[in-house]
$ cat coords.txt   # compact mmCIF, C-alpha atoms (C1' of nucleotides)
# COMPACT_ATOMS: atom_id res chain seq x y z
CA MET B 162 7.87 59.24 75.85
CA THR B 163 5.32 61.71 77.16
CA ASP B 164 2.11 60.82 78.90
CA SER B 165 0.30 61.63 75.69
CA GLN B 166 0.90 58.02 74.77
CA LEU B 167 -1.06 56.84 77.76
CA LEU B 168 -4.28 58.49 76.65
CA ALA B 169 -7.22 56.26 77.53
CA LEU B 170 -8.19 55.67 73.93
CA GLU B 171 -9.77 52.35 73.13
CA ILE B 172 -11.49 50.78 70.19
CA SER B 173 -14.00 47.99 69.95
CA PRO B 174 -13.30 46.10 66.74
CA SER B 175 -16.55 44.17 67.01
CA SER B 176 -18.87 47.15 67.40
CA GLY B 177 -19.31 47.78 63.71
CA VAL B 178 -18.45 51.45 64.13
CA PRO B 179 -15.49 52.48 61.99
CA ILE B 180 -12.27 52.82 63.97
CA TYR B 181 -11.62 56.40 62.89
CA ARG B 182 -15.09 57.35 64.13
CA GLN B 183 -14.61 55.67 67.48
CA LEU B 184 -11.44 57.67 67.94
CA MET B 185 -13.04 60.96 66.93
CA ASP B 186 -15.95 60.43 69.30
CA GLN B 187 -13.66 59.76 72.22
CA VAL B 188 -11.36 62.70 71.59
CA ARG B 189 -14.37 64.98 71.18
CA ARG B 190 -15.65 63.96 74.59
CA MET B 191 -12.27 64.27 76.26
CA ILE B 192 -11.90 67.79 74.92
CA ALA B 193 -15.43 68.71 75.93
CA SER B 194 -14.65 67.65 79.49
CA GLN B 195 -11.13 69.10 79.49
CA HIS B 196 -9.59 65.72 80.03
CA LEU B 197 -7.73 67.14 77.06
CA SER B 198 -6.89 70.83 77.19
CA PRO B 199 -5.70 73.28 74.51
CA GLY B 200 -2.04 72.65 73.77
CA ASP B 201 -2.00 69.08 75.03
CA PRO B 202 -0.04 66.83 72.68
CA MET B 203 -1.77 63.93 71.01
CA PRO B 204 -0.08 60.54 70.70
CA SER B 205 1.87 60.18 67.49
CA VAL B 206 0.22 58.42 64.61
CA ARG B 207 2.69 55.58 64.75
CA HIS B 208 2.54 55.04 68.49
CA LEU B 209 -1.23 55.08 68.62
CA ALA B 210 -1.39 52.74 65.65
CA ILE B 211 0.79 50.26 67.52
CA GLN B 212 -1.10 50.72 70.78
CA LEU B 213 -4.43 50.02 69.10
CA ALA B 214 -3.03 47.50 66.63
CA VAL B 215 -4.42 49.30 63.60
CA ASN B 216 -2.97 50.81 60.47
CA PRO B 217 -1.23 54.21 60.90
CA MET B 218 -3.26 55.67 58.05
CA THR B 219 -6.43 54.94 59.99
CA ILE B 220 -5.12 57.13 62.83
CA SER B 221 -3.97 59.74 60.35
CA LYS B 222 -7.43 59.86 58.84
CA ALA B 223 -9.02 60.48 62.23
CA TYR B 224 -6.46 63.21 63.00
CA SER B 225 -6.98 64.90 59.65
CA LEU B 226 -10.73 64.97 60.08
CA MET B 227 -10.38 66.38 63.58
CA GLU B 228 -8.01 69.02 62.27
CA ALA B 229 -10.61 69.96 59.66
CA GLU B 230 -13.13 70.25 62.48
CA GLY B 231 -10.86 72.56 64.42
CA LEU B 232 -10.39 70.15 67.29
CA LEU B 233 -6.69 69.55 66.66
CA GLU B 234 -3.83 71.55 65.21
CA ARG B 235 -0.91 70.24 63.26
CA GLN B 236 2.62 71.32 64.07
CA ARG B 237 4.78 70.47 61.12
CA GLY B 238 7.49 68.01 61.93
CA LYS B 239 6.34 67.76 65.51
CA GLY B 240 2.86 66.40 65.95
CA MET B 241 -0.74 67.12 66.69
CA ILE B 242 -1.94 69.13 69.66
CA VAL B 243 -5.36 70.01 70.97
CA SER B 244 -6.40 73.22 69.29
CA SER B 245 -5.88 76.41 71.26
CA ALA B 246 -9.09 77.78 69.80
CA GLN B 247 -11.42 75.58 71.77
CA PRO B 248 -14.68 76.98 73.05
CA ALA B 249 -14.89 77.40 76.79
CA GLN B 250 -15.50 74.32 78.91
CA LEU B 251 -18.90 73.01 77.99
CA SER B 252 -21.57 73.31 80.63
CA GLU B 253 -22.82 70.24 82.42
CA LYS B 254 -26.00 70.54 80.41
CA GLU B 255 -24.11 70.58 77.14
CA ARG B 256 -21.98 67.62 78.12
CA MET B 257 -25.14 65.80 79.13
CA GLY B 258 -26.38 66.41 75.60
CA LEU B 259 -23.32 64.65 74.23
CA LEU B 260 -24.11 61.68 76.43
CA GLN B 261 -27.71 61.47 75.25
CA PRO B 262 -27.21 59.03 72.36
CA SER B 263 -25.67 56.48 74.71
CA ILE B 264 -28.47 56.97 77.20
CA ASP B 265 -31.05 56.55 74.45
CA LYS B 266 -29.50 53.25 73.52
CA VAL B 267 -29.44 51.92 77.07
CA ILE B 268 -33.11 52.79 77.54
CA SER B 269 -34.13 51.39 74.17
CA ASP B 270 -32.17 48.18 74.73
CA ALA B 271 -33.48 47.81 78.27
CA LYS B 272 -37.07 48.06 77.12
CA GLN B 273 -36.56 45.52 74.38
CA LEU B 274 -35.03 43.25 77.01
CA ASP B 275 -37.87 43.93 79.39
CA LEU B 276 -35.51 44.91 82.17
CA ASP B 277 -36.39 46.74 85.34
CA LEU B 278 -35.38 50.37 85.78
CA ASP B 279 -34.15 49.97 89.33
CA GLN B 280 -31.95 47.04 88.47
CA ILE B 281 -30.35 48.98 85.67
CA LEU B 282 -29.67 51.91 87.94
CA ASN B 283 -28.12 49.62 90.51
CA VAL B 284 -25.83 48.02 87.96
CA ILE B 285 -24.68 51.39 86.70
CA LYS B 286 -24.13 52.57 90.24
CA GLN B 287 -22.02 49.52 91.03
CA GLN B 288 -19.93 49.66 87.89
CA PHE B 289 -19.38 53.38 87.73
CA ASN B 290 -16.67 53.43 90.37
CA ALA B 291 -15.32 49.97 89.77
CA MET S 173 -51.98 44.14 57.50
CA THR S 174 -51.11 42.43 60.73
CA ASP S 175 -49.57 44.08 63.75
CA SER S 176 -46.31 42.46 62.77
CA GLN S 177 -45.77 45.49 60.60
CA LEU S 178 -45.90 47.77 63.57
CA LEU S 179 -42.90 46.19 65.27
CA ALA S 180 -40.87 48.84 67.06
CA LEU S 181 -37.85 48.39 64.84
CA GLU S 182 -35.74 51.44 64.23
CA ILE S 183 -32.43 52.19 62.66
CA SER S 184 -29.98 55.00 63.14
CA PRO S 185 -28.39 55.72 59.77
CA SER S 186 -25.77 57.98 61.35
CA SER S 187 -24.53 55.50 63.93
CA GLY S 188 -22.01 53.83 61.66
CA VAL S 189 -23.34 50.40 62.57
CA PRO S 190 -24.52 48.43 59.50
CA ILE S 191 -28.29 48.42 59.13
CA TYR S 192 -28.57 44.64 59.03
CA ARG S 193 -26.68 44.43 62.32
CA GLN S 194 -28.90 47.02 64.00
CA LEU S 195 -31.91 44.95 62.99
CA MET S 196 -30.43 41.68 64.20
CA ASP S 197 -29.49 43.16 67.57
CA GLN S 198 -32.99 44.49 68.11
CA VAL S 199 -34.76 41.28 67.14
CA ARG S 200 -32.41 39.27 69.34
CA ARG S 201 -33.33 41.42 72.32
CA MET S 202 -37.04 41.30 71.60
CA ILE S 203 -36.94 37.52 71.42
CA ALA S 204 -34.88 37.28 74.58
CA SER S 205 -37.51 39.30 76.41
CA GLN S 206 -40.45 37.60 74.70
CA HIS S 207 -41.62 40.82 73.16
CA LEU S 208 -41.46 38.42 70.26
CA SER S 209 -42.62 34.88 70.94
CA PRO S 210 -42.24 31.64 68.96
CA GLY S 211 -44.62 31.69 66.02
CA ASP S 212 -44.99 35.45 65.87
CA PRO S 213 -44.85 36.68 62.27
CA MET S 214 -42.13 39.08 61.24
CA PRO S 215 -42.88 42.05 58.99
CA SER S 216 -42.45 41.23 55.32
CA VAL S 217 -39.19 42.16 53.68
CA ARG S 218 -40.88 44.67 51.42
CA HIS S 219 -42.96 46.34 54.11
CA LEU S 220 -40.07 46.69 56.52
CA ALA S 221 -37.88 48.01 53.73
CA ILE S 222 -40.42 50.73 53.04
CA GLN S 223 -40.96 51.48 56.73
CA LEU S 224 -37.24 51.94 57.31
CA ALA S 225 -36.56 53.44 53.89
CA VAL S 226 -33.86 50.94 53.03
CA ASN S 227 -33.31 48.39 50.30
CA PRO S 228 -35.31 45.15 50.56
CA MET S 229 -32.15 43.10 50.15
CA THR S 230 -30.74 44.66 53.31
CA ILE S 231 -33.74 43.32 55.24
CA SER S 232 -33.47 39.97 53.48
CA LYS S 233 -29.83 39.74 54.50
CA ALA S 234 -30.70 40.32 58.15
CA TYR S 235 -33.51 37.75 57.99
CA SER S 236 -31.28 35.16 56.32
CA LEU S 237 -28.59 35.58 58.94
CA MET S 238 -31.15 35.27 61.72
CA GLU S 239 -32.54 32.15 60.10
CA ALA S 240 -29.02 30.70 60.05
CA GLU S 241 -28.77 31.52 63.75
CA GLY S 242 -32.00 29.70 64.45
CA LEU S 243 -33.82 32.83 65.57
CA LEU S 244 -36.30 32.86 62.70
CA GLU S 245 -37.91 30.27 60.49
CA ARG S 246 -38.89 30.63 56.88
CA GLN S 247 -42.30 29.55 55.67
CA ARG S 248 -42.16 29.26 51.91
CA GLY S 249 -44.49 31.60 50.14
CA LYS S 250 -45.67 33.06 53.43
CA GLY S 251 -43.03 34.78 55.43
CA MET S 252 -40.71 34.64 58.39
CA ILE S 253 -41.80 33.74 61.89
CA VAL S 254 -40.01 33.62 65.19
CA SER S 255 -38.55 30.16 65.54
CA SER S 256 -40.51 27.72 67.60
CA ALA S 257 -37.27 26.24 68.89
CA GLN S 258 -36.35 29.14 71.11
CA PRO S 259 -34.66 28.48 74.43
CA ALA S 260 -36.75 29.24 77.46
CA GLN S 261 -37.19 32.86 78.49
CA LEU S 262 -33.81 34.17 79.47
CA SER S 263 -33.32 34.94 83.12
CA GLU S 264 -33.09 38.50 84.29
CA LYS S 265 -29.38 37.94 84.82
CA GLU S 266 -28.91 36.74 81.26
CA ARG S 267 -30.87 39.63 79.83
CA MET S 268 -28.79 41.98 81.93
CA GLY S 269 -25.77 40.47 80.28
CA LEU S 270 -27.14 41.42 76.89
CA LEU S 271 -27.54 44.98 78.10
CA GLN S 272 -23.96 45.19 79.36
CA PRO S 273 -22.34 46.61 76.20
CA SER S 274 -24.71 49.58 76.24
CA ILE S 275 -24.06 50.13 79.92
CA ASP S 276 -20.33 49.97 79.33
CA LYS S 277 -20.62 52.66 76.72
CA VAL S 278 -22.67 54.99 78.89
CA ILE S 279 -20.17 54.68 81.72
CA SER S 280 -17.18 55.13 79.44
CA ASP S 281 -18.73 58.13 77.70
CA ALA S 282 -19.81 59.67 80.99
CA LYS S 283 -16.32 59.48 82.41
CA GLN S 284 -14.80 61.01 79.32
CA LEU S 285 -17.36 63.80 79.62
CA ASP S 286 -16.63 64.17 83.32
CA LEU S 287 -20.27 63.79 84.24
CA ASP S 288 -21.69 63.08 87.65
CA LEU S 289 -23.14 59.68 88.44
CA ASP S 290 -26.22 60.98 90.21
CA GLN S 291 -27.13 63.28 87.35
CA ILE S 292 -26.89 60.44 84.91
CA LEU S 293 -29.10 58.26 87.04
CA ASN S 294 -31.65 61.03 87.31
CA VAL S 295 -31.74 61.55 83.56
CA ILE S 296 -32.22 57.85 82.94
CA LYS S 297 -34.94 57.74 85.57
CA GLN S 298 -36.77 60.66 83.97
CA GLN S 299 -36.53 59.37 80.42
CA PHE S 300 -37.25 55.73 81.08
CA ASN S 301 -41.00 56.19 81.42
CA ALA S 302 -41.34 59.14 79.08
C1' DA U 209 25.49 66.62 58.84
C1' DT U 210 23.05 62.85 60.84
C1' DA U 211 19.66 60.35 63.08
C1' DT U 212 15.23 60.20 64.76
C1' DG U 213 10.75 61.60 65.11
C1' DT U 214 6.63 64.21 63.21
C1' DG U 215 2.23 63.92 59.73
C1' DT U 216 1.14 62.98 55.05
C1' DA U 217 0.77 61.31 50.02
C1' DT U 218 0.65 57.60 46.92
C1' DT U 219 -0.71 53.26 44.94
C1' DA U 220 -2.67 49.05 45.37
C1' DT U 221 -5.56 45.46 47.34
C1' DA U 222 -9.36 43.48 49.87
C1' DG U 223 -13.53 43.17 52.24
C1' DT U 224 -17.93 45.04 53.51
C1' DA U 225 -22.37 47.59 52.97
C1' DT U 226 -25.86 49.36 50.32
C1' DT U 227 -28.60 50.26 46.42
C1' DA U 228 -30.94 49.06 41.97
C1' DA U 229 -33.66 46.41 38.62
C1' DT U 230 -35.24 42.09 37.36
C1' DA U 231 -36.78 37.48 37.73
C1' DC U 232 -38.14 33.16 40.01
C1' DA U 233 -40.68 29.66 43.05
C1' DC U 234 -43.86 29.33 46.35
C1' DT U 235 -48.61 30.18 48.97
C1' DA U 236 -53.24 31.79 49.64
C1' DG U 237 -57.55 33.52 48.34
C1' DA U 238 -60.94 35.24 44.96
C1' DT K 201 -56.90 30.25 36.79
C1' DC K 202 -55.63 34.77 38.20
C1' DT K 203 -53.85 37.88 41.39
C1' DA K 204 -51.31 39.43 45.08
C1' DG K 205 -48.34 38.41 48.54
C1' DT K 206 -44.18 35.76 50.49
C1' DG K 207 -38.54 35.27 50.50
C1' DT K 208 -34.74 34.78 47.44
C1' DA K 209 -31.20 34.85 43.48
C1' DT K 210 -28.72 37.38 40.21
C1' DT K 211 -25.99 40.98 38.31
C1' DA K 212 -24.20 45.38 38.52
C1' DA K 213 -22.64 49.56 40.41
C1' DT K 214 -21.12 52.60 44.11
C1' DA K 215 -19.17 53.90 48.35
C1' DC K 216 -16.79 53.17 52.53
C1' DT K 217 -13.25 51.03 55.53
C1' DA K 218 -8.95 49.21 56.40
C1' DT K 219 -4.51 47.40 55.30
C1' DA K 220 0.21 47.41 53.13
C1' DA K 221 4.62 49.24 51.54
C1' DT K 222 7.02 53.14 50.23
C1' DA K 223 8.40 57.82 50.00
C1' DC K 224 8.46 62.74 51.12
C1' DA K 225 8.92 67.30 53.76
C1' DC K 226 9.51 69.03 58.05
C1' DA K 227 11.48 69.72 63.04
C1' DT K 228 14.64 68.70 66.76
C1' DA K 229 18.68 67.32 69.08
C1' DT K 230 23.17 65.36 68.80

$ encode --input "coords.txt" --output "structure tokens"
Amino acid sequence: MTDSQLLALEISPSSGVPIYRQLMDQVRRMIASQHLSPGDPMPSVRHLAIQLAVNPMTISKAYSLMEAEGLLERQRGKGMIVSSAQPAQLSEKERMGLLQPSIDKVISDAKQLDLDLDQILNVIKQQFNA
Amino acid sequence: MTDSQLLALEISPSSGVPIYRQLMDQVRRMIASQHLSPGDPMPSVRHLAIQLAVNPMTISKAYSLMEAEGLLERQRGKGMIVSSAQPAQLSEKERMGLLQPSIDKVISDAKQLDLDLDQILNVIKQQFNA
DNA sequence: ATATGTGTATTATAGTATTAATACACTAGA
DNA sequence: TCTAGTGTATTAATACTATAATACACATAT
């Protein structure tokens, strides 16, 4: 029972985005921001599968793809850890780039909903530290 | 060649979200904000399929589902129009509710990326009217 | 040695999403 | 009537996603 099982990983079953992709996106961001650091253990396939109520092979698929990307390393018989060969902490600018797709969607949605910029900013401000 | 063909509908093939769902979400928002009003004609299945470079049946599926929801009406031999039986213009509060999922994602992503609230607000401010 | 915990492979099933080619019934205008 | 434009139905094929049940090879600690 390490804290690796308490990783703030969540999935939205109704979003339409495949589960394994939701997981990969989140881990990518947590590594980019060093919420996950080289050497940190990942939750085991079985534990995470139970936590998220999905099939273990779905977790395994996400892990395998992230290993192929160099994000994670496999330690036989033990588990997955964050790869030691990570690039240096991304700059704020680079991390902002990773946030861009979500920002694009908020702006696009807001315009289609004819919402006011200031109201949106206020809502974000309120909810950010809630 | 009516302006209905110039509707600002876009899809992101890489997002993982099914095309027909991306379309439905956008039309829903545009109706909620009266960017589309009762009686407005929708682009024809074939034109929109060409514009978005997808199969006509994918558009037809989205239209059929929206007809079942009461968002659109079918006029035989002519085309689809925005249903005349739309509820009144949604309040700002209600439209804000429709924006919430996108806001949730920005906040969640931003935290995982360890980004600063003020920077995010500035970026949104800059890009909103760009 | 044994038990427990890793990730993975295998096989099968099911549902969903998308494309393709063709045909049909309907409407509107020339 | 003819033509072009609607949405839709049909059939087929392909790919992706997720689940299920089982088994294997490996590591660690008892």

$ residues_around --input "coords.txt" --residues "stretch 225-233 of chain U" --least-positions-apart "4" --cutoff "8 Å" --atoms "only C-alpha atoms (C1' of nucleotides)" --output "list in words"
Pro190, Asn227 and Thr230 of chain S; DA209 and DC216 of chain K

$ calpha_fit_and_write --input "coords.txt" --fixed "chain B" --moving "chain S" --output "mmCIF file with C-alpha atoms, in the frame of the given file"
data_model
loop_
_atom_site.group_PDB
_atom_site.id
_atom_site.type_symbol
_atom_site.label_atom_id
_atom_site.label_comp_id
_atom_site.auth_asym_id
_atom_site.auth_seq_id
_atom_site.Cartn_x
_atom_site.Cartn_y
_atom_site.Cartn_z
ATOM 1 C CA MET S 173 7.750 59.095 75.795
ATOM 2 C CA THR S 174 5.267 61.580 77.126
ATOM 3 C CA ASP S 175 2.055 60.742 78.914
ATOM 4 C CA SER S 176 0.243 61.619 75.727
ATOM 5 C CA GLN S 177 0.842 58.039 74.721
ATOM 6 C CA LEU S 178 -1.086 56.777 77.676
ATOM 7 C CA LEU S 179 -4.329 58.444 76.630
ATOM 8 C CA ALA S 180 -7.275 56.236 77.519
ATOM 9 C CA LEU S 181 -8.259 55.662 73.920
ATOM 10 C CA GLU S 182 -9.847 52.352 73.117
ATOM 11 C CA ILE S 183 -11.572 50.801 70.184
ATOM 12 C CA SER S 184 -14.068 48.005 69.904
ATOM 13 C CA PRO S 185 -13.340 46.140 66.679
ATOM 14 C CA SER S 186 -16.586 44.173 66.939
ATOM 15 C CA SER S 187 -18.890 47.153 67.334
ATOM 16 C CA GLY S 188 -19.330 47.777 63.631
ATOM 17 C CA VAL S 189 -18.501 51.449 64.067
ATOM 18 C CA PRO S 190 -15.512 52.535 61.927
ATOM 19 C CA ILE S 191 -12.316 52.858 63.936
ATOM 20 C CA TYR S 192 -11.666 56.443 62.887
ATOM 21 C CA ARG S 193 -15.136 57.410 64.099
ATOM 22 C CA GLN S 194 -14.663 55.704 67.464
ATOM 23 C CA LEU S 195 -11.475 57.704 67.918
ATOM 24 C CA MET S 196 -13.058 60.998 66.921
ATOM 25 C CA ASP S 197 -15.993 60.493 69.278
ATOM 26 C CA GLN S 198 -13.695 59.786 72.199
ATOM 27 C CA VAL S 199 -11.397 62.740 71.586
ATOM 28 C CA ARG S 200 -14.390 65.036 71.171
ATOM 29 C CA ARG S 201 -15.689 63.989 74.572
ATOM 30 C CA MET S 202 -12.317 64.305 76.254
ATOM 31 C CA ILE S 203 -11.917 67.824 74.916
ATOM 32 C CA ALA S 204 -15.439 68.761 75.919
ATOM 33 C CA SER S 205 -14.679 67.686 79.471
ATOM 34 C CA GLN S 206 -11.157 69.119 79.480
ATOM 35 C CA HIS S 207 -9.613 65.740 80.031
ATOM 36 C CA LEU S 208 -7.740 67.134 77.074
ATOM 37 C CA SER S 209 -6.894 70.822 77.205
ATOM 38 C CA PRO S 210 -5.672 73.262 74.536
ATOM 39 C CA GLY S 211 -2.014 72.606 73.831
ATOM 40 C CA ASP S 212 -1.998 69.039 75.084
ATOM 41 C CA PRO S 213 -0.038 66.785 72.723
ATOM 42 C CA MET S 214 -1.788 63.897 71.045
ATOM 43 C CA PRO S 215 -0.119 60.496 70.744
ATOM 44 C CA SER S 216 1.856 60.132 67.535
ATOM 45 C CA VAL S 217 0.196 58.396 64.635
ATOM 46 C CA ARG S 218 2.656 55.533 64.757
ATOM 47 C CA HIS S 219 2.495 54.985 68.502
ATOM 48 C CA LEU S 220 -1.282 55.046 68.630
ATOM 49 C CA ALA S 221 -1.438 52.717 65.651
ATOM 50 C CA ILE S 222 0.716 50.219 67.506
ATOM 51 C CA GLN S 223 -1.177 50.668 70.775
ATOM 52 C CA LEU S 224 -4.504 49.986 69.087
ATOM 53 C CA ALA S 225 -3.106 47.469 66.614
ATOM 54 C CA VAL S 226 -4.464 49.279 63.588
ATOM 55 C CA ASN S 227 -2.987 50.822 60.474
ATOM 56 C CA PRO S 228 -1.254 54.196 60.895
ATOM 57 C CA MET S 229 -3.293 55.662 58.058
ATOM 58 C CA THR S 230 -6.478 54.965 60.001
ATOM 59 C CA ILE S 231 -5.159 57.148 62.832
ATOM 60 C CA SER S 232 -3.974 59.769 60.359
ATOM 61 C CA LYS S 233 -7.438 59.881 58.834
ATOM 62 C CA ALA S 234 -9.031 60.516 62.222
ATOM 63 C CA TYR S 235 -6.469 63.221 63.028
ATOM 64 C CA SER S 236 -6.956 64.928 59.664
ATOM 65 C CA LEU S 237 -10.710 65.008 60.089
ATOM 66 C CA MET S 238 -10.355 66.417 63.591
ATOM 67 C CA GLU S 239 -7.970 69.049 62.296
ATOM 68 C CA ALA S 240 -10.570 70.013 59.687
ATOM 69 C CA GLU S 241 -13.098 70.309 62.506
ATOM 70 C CA GLY S 242 -10.803 72.606 64.427
ATOM 71 C CA LEU S 243 -10.357 70.177 67.301
ATOM 72 C CA LEU S 244 -6.660 69.573 66.702
ATOM 73 C CA GLU S 245 -3.795 71.551 65.267
ATOM 74 C CA ARG S 246 -0.861 70.245 63.315
ATOM 75 C CA GLN S 247 2.666 71.292 64.164
ATOM 76 C CA ARG S 248 4.872 70.432 61.225
ATOM 77 C CA GLY S 249 7.555 67.948 62.044
ATOM 78 C CA LYS S 250 6.340 67.677 65.621
ATOM 79 C CA GLY S 251 2.876 66.345 66.014
ATOM 80 C CA MET S 252 -0.739 67.098 66.743
ATOM 81 C CA ILE S 253 -1.922 69.116 69.705
ATOM 82 C CA VAL S 254 -5.328 70.011 71.012
ATOM 83 C CA SER S 255 -6.353 73.231 69.336
ATOM 84 C CA SER S 256 -5.824 76.378 71.300
ATOM 85 C CA ALA S 257 -9.016 77.801 69.838
ATOM 86 C CA GLN S 258 -11.375 75.609 71.792
ATOM 87 C CA PRO S 259 -14.661 77.034 73.010
ATOM 88 C CA ALA S 260 -14.933 77.450 76.735
ATOM 89 C CA GLN S 261 -15.567 74.375 78.856
ATOM 90 C CA LEU S 262 -18.953 73.045 77.926
ATOM 91 C CA SER S 263 -21.635 73.347 80.547
ATOM 92 C CA GLU S 264 -22.876 70.294 82.347
ATOM 93 C CA LYS S 265 -26.066 70.566 80.319
ATOM 94 C CA GLU S 266 -24.152 70.590 77.052
ATOM 95 C CA ARG S 267 -22.021 67.645 78.064
ATOM 96 C CA MET S 268 -25.167 65.809 79.060
ATOM 97 C CA GLY S 269 -26.393 66.409 75.559
ATOM 98 C CA LEU S 270 -23.345 64.653 74.183
ATOM 99 C CA LEU S 271 -24.114 61.684 76.394
ATOM 100 C CA GLN S 272 -27.720 61.457 75.215
ATOM 101 C CA PRO S 273 -27.212 58.988 72.339
ATOM 102 C CA SER S 274 -25.660 56.451 74.705
ATOM 103 C CA ILE S 275 -28.465 56.952 77.184
ATOM 104 C CA ASP S 276 -31.028 56.509 74.442
ATOM 105 C CA LYS S 277 -29.474 53.214 73.513
ATOM 106 C CA VAL S 278 -29.408 51.882 77.057
ATOM 107 C CA ILE S 279 -33.068 52.737 77.530
ATOM 108 C CA SER S 280 -34.080 51.296 74.177
ATOM 109 C CA ASP S 281 -32.093 48.108 74.745
ATOM 110 C CA ALA S 282 -33.395 47.749 78.286
ATOM 111 C CA LYS S 283 -36.989 47.960 77.159
ATOM 112 C CA GLN S 284 -36.455 45.418 74.428
ATOM 113 C CA LEU S 285 -34.894 43.150 77.045
ATOM 114 C CA ASP S 286 -37.757 43.819 79.437
ATOM 115 C CA LEU S 287 -35.413 44.863 82.204
ATOM 116 C CA ASP S 288 -36.300 46.711 85.358
ATOM 117 C CA LEU S 289 -35.307 50.333 85.787
ATOM 118 C CA ASP S 290 -34.085 49.974 89.349
ATOM 119 C CA GLN S 291 -31.853 47.044 88.494
ATOM 120 C CA ILE S 292 -30.280 48.983 85.693
ATOM 121 C CA LEU S 293 -29.622 51.932 87.939
ATOM 122 C CA ASN S 294 -28.049 49.673 90.521
ATOM 123 C CA VAL S 295 -25.747 48.074 87.975
ATOM 124 C CA ILE S 296 -24.630 51.451 86.689
ATOM 125 C CA LYS S 297 -24.078 52.644 90.238
ATOM 126 C CA GLN S 298 -21.948 49.605 91.055
ATOM 127 C CA GLN S 299 -19.851 49.744 87.907
ATOM 128 C CA PHE S 300 -19.330 53.472 87.726
ATOM 129 C CA ASN S 301 -16.629 53.559 90.388
ATOM 130 C CA ALA S 302 -15.225 50.104 89.766
#

$ residues_around --input "coords.txt" --residues "S:Leu208" --least-positions-apart "4" --cutoff "10 Å" --atoms "all atoms listed in the file" --output "list in words"
Gln273 of chain B; Ser176, Leu179, Val199, Arg200, Arg201, Met202, Ile203, Ala204, Asp212, Pro213, Met214, Ile253, Val254 and Ser255 of chain S

$ interface_residues --input "coords.txt" --of "chain S" --to "chain U" --cutoff "10 Å" --atoms "all atoms listed in the file" --output "list in words"
Pro190, Ile191, Tyr192, Val226, Asn227, Pro228, Met229, Thr230, Gln247, Arg248, Gly249, Lys250 and Gly251 of chain S

$ write_last_selection --input "coords.txt" --atoms "C-alpha atoms" --output "mmCIF file, in the coordinates of the input"
data_model
loop_
_atom_site.group_PDB
_atom_site.id
_atom_site.type_symbol
_atom_site.label_atom_id
_atom_site.label_comp_id
_atom_site.auth_asym_id
_atom_site.auth_seq_id
_atom_site.Cartn_x
_atom_site.Cartn_y
_atom_site.Cartn_z
ATOM 1 C CA PRO S 190 -24.520 48.430 59.500
ATOM 2 C CA ILE S 191 -28.290 48.420 59.130
ATOM 3 C CA TYR S 192 -28.570 44.640 59.030
ATOM 4 C CA VAL S 226 -33.860 50.940 53.030
ATOM 5 C CA ASN S 227 -33.310 48.390 50.300
ATOM 6 C CA PRO S 228 -35.310 45.150 50.560
ATOM 7 C CA MET S 229 -32.150 43.100 50.150
ATOM 8 C CA THR S 230 -30.740 44.660 53.310
ATOM 9 C CA GLN S 247 -42.300 29.550 55.670
ATOM 10 C CA ARG S 248 -42.160 29.260 51.910
ATOM 11 C CA GLY S 249 -44.490 31.600 50.140
ATOM 12 C CA LYS S 250 -45.670 33.060 53.430
ATOM 13 C CA GLY S 251 -43.030 34.780 55.430
#

$ closest_residue --input "coords.txt" --among "S:Gly211, S:Glu264, S:Asp276, S:Val295" --to "S:Met252" --atoms "all atoms listed in the file"
S:Gly211

$ residues_around --input "coords.txt" --residues "B:Gln261" --least-positions-apart "3" --cutoff "10 Å" --atoms "all atoms listed in the file" --output "list in words"
Glu255, Arg256, Met257, Gly258, Ile264, Asp265, Lys266 and Val267 of chain B; Val278, Asp281, Ala282, Ile292, Val295 and Ile296 of chain S

$ write_last_selection --input "coords.txt" --atoms "C-alpha atoms" --output "compact mmCIF listing (two decimals), in the coordinates of the input"
# COMPACT_ATOMS: atom_id res chain seq x y z
CA GLU B 255 -24.11 70.58 77.14
CA ARG B 256 -21.98 67.62 78.12
CA MET B 257 -25.14 65.80 79.13
CA GLY B 258 -26.38 66.41 75.60
CA ILE B 264 -28.47 56.97 77.20
CA ASP B 265 -31.05 56.55 74.45
CA LYS B 266 -29.50 53.25 73.52
CA VAL B 267 -29.44 51.92 77.07
CA VAL S 278 -22.67 54.99 78.89
CA ASP S 281 -18.73 58.13 77.70
CA ALA S 282 -19.81 59.67 80.99
CA ILE S 292 -26.89 60.44 84.91
CA VAL S 295 -31.74 61.55 83.56
CA ILE S 296 -32.22 57.85 82.94
